[in-house]
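Everything on this sheet refers to the single structure shown next.
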Amino acid sequence: VGDAGQHLVGIGEVPRGPRTGSLEVTDTIDLANPTLDFGDEVVDMVPADRLTALLAHGPVVDPESATVADGDGLYALVDAAPTGRQVVINPDAGRLEFGQPLPSSGTLTTTYHIGMWDVSTVRFSGDISLEAFADDSSEVAALSRNVAELLATPDGAFTRLAPLSWGQVVPATAGSRPAHSQILRYRFDFELEQVTLPTGGGVIDTVEVTSATDSAREEFDVTREGSGV
């Protein structure tokens, strides 16, 4: 690989739009210290009664495919009120509800699917050279054609792979025996897409609002269901 360089795909750190669908993620909670530290705020992922736990990435999709486990093994996923080692998933709130308190130590491991996530994309371009070896010139030519056919097949990552040149078949040495070789050069354009998973402390249910004018001041809460003064 030669003459390689990195190029921006767009403006900003996340130049691509959010992706939607069903992405599997795995997360662990330290049950001895079940918190999520944002620097300026620490969120308790497990409340004092230890009967619920927040999922770090919020709402989930395909809740029936989730798995929840601690040091004693898997919890049974149920739809009704849980008892014992059973758990119910509230997909909209991104919350687990347990039939018995969680242990005070160990880890809680959850695997679930989220419906939206961010991606960051980096683009690379450059030249790539391939050298084909065979015992004689006709075998080298046939091998080079096979390689070219394979590289001409569309690929999701290398969407832009263009041939630049085919060298001559020349004598060469492959290991300890004489051989022939041919160099093929291509120009590649490659995009590396990386998933970015922001974390949160659960769905925001209530927002406090203060409205002030010269003669009056009003304070109220806006909730997901409506607003109340």
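Simple scheme: letters A, B, ... for chains in structure tokens order, numbers from 1 for residues in each chain, numbers from 1 for ligands in the order shown.
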
TODO: Please provide the set of residues having any atom within 6 Å of segment 126-140 of chain A, restricted to only C-alpha atoms, with same-chain residues fewer than 6 positions apart removed, written as a VMD selection string.
DONE: chain A and resid 1 to 4 179 to 188

- [ ] List every residue of segment 27-212 of chain A that DSSP, applied to the backbone of this structure, assigns to alpha helix (DSSP H), and report them as a count of residues only.
- [x] 15

Task: Backbone DSSP call of strand (DSSP E or B) for chain A, listed as number ranges by chain - done: A: 2-8, 19-30, 35-37, 42-44, 52-54, 61, 67-70, 73-74, 76-77, 84-90, 95-99, 107-134, 160-166, 170-174, 177-196, 206-212, 217-223, 227-228

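One distance worth recording is that between atom CA of His57 of chain A and atom CA of Leu31 of chain A, which is 17.5 Å.
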
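Closest approach to Pro59 of chain A among A:Ser120, A:Thr213, A:Asn90, A:Ser144 is made by A:Asn90 (distances from only C-alpha atoms).
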
- [ ] Determine, counting only C-alpha atoms, which protein, DNA and RNA residues have an atom within 9 Å of an atom of Asn33 of chain A; residues of the same chain fewer than 5 positions away are not included. Present the result as an MDAnalysis selection string.
- [x] chainID A and resid 44 46 104:105

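In terms of minimum interatomic distance to Thr52 of chain A, A:Pro101 ranks closest within A:Pro34, A:Gly84, A:Pro101, A:Gly106, counting only C-alpha atoms.
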
- [ ] Check the smallest atom-to-atom distance from each of A:Gln100, A:Thr121, A:Thr20, A:Thr110 to Glu191 of chain A using only C-alpha atoms, then report the winner.
- [x]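 So, comparing all the options, the nearest one is A:Thr121.
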
So that I can check the surroundings of Pro91 of chain A, please list as a PDB file with C-alpha atoms, in the first residue's frame every protein, DNA and RNA residue that reaches within 12 Å of it, counting only C-alpha atoms and ignoring chain neighbours fewer than 3 positions away.
```
ATOM      1  CA  LEU A  54     -31.222   1.476  34.047  1.00  0.00           C
ATOM      2  CA  LEU A  55     -29.746   0.480  30.707  1.00  0.00           C
ATOM      3  CA  HIS A  57     -28.083   3.373  26.195  1.00  0.00           C
ATOM      4  CA  GLY A  58     -31.723   4.132  26.898  1.00  0.00           C
ATOM      5  CA  PRO A  59     -34.747   2.686  25.044  1.00  0.00           C
ATOM      6  CA  VAL A  60     -34.412  -0.717  23.397  1.00  0.00           C
ATOM      7  CA  VAL A  61     -35.995  -2.607  20.513  1.00  0.00           C
ATOM      8  CA  ASP A  62     -36.588  -6.361  20.235  1.00  0.00           C
ATOM      9  CA  PRO A  63     -36.774  -6.670  24.052  1.00  0.00           C
ATOM     10  CA  GLU A  64     -37.581 -10.379  23.803  1.00  0.00           C
ATOM     11  CA  SER A  65     -34.055 -11.008  22.472  1.00  0.00           C
ATOM     12  CA  ALA A  66     -32.317  -9.445  25.494  1.00  0.00           C
ATOM     13  CA  ASP A  79     -43.830 -10.215  30.496  1.00  0.00           C
ATOM     14  CA  VAL A  88     -39.143  -7.527  32.959  1.00  0.00           C
ATOM     15  CA  GLY A  94     -34.711   1.450  29.039  1.00  0.00           C
ATOM     16  CA  ARG A  95     -35.199  -0.057  32.477  1.00  0.00           C
ATOM     17  CA  LEU A  96     -34.969  -3.559  33.954  1.00  0.00           C
ATOM     18  CA  GLU A  97     -37.374  -4.569  36.734  1.00  0.00           C
ATOM     19  CA  TYR A 112     -29.930  -5.904  24.199  1.00  0.00           C
ATOM     20  CA  HIS A 113     -30.721  -4.073  20.955  1.00  0.00           C
ATOM     21  CA  ILE A 114     -31.021  -0.325  20.456  1.00  0.00           C
ATOM     22  CA  GLY A 115     -32.954   1.260  17.607  1.00  0.00           C
ATOM     23  CA  GLY A 202     -32.422   6.864  31.256  1.00  0.00           C
ATOM     24  CA  VAL A 203     -35.294   8.660  29.562  1.00  0.00           C
TER      25      VAL A 203
END
```
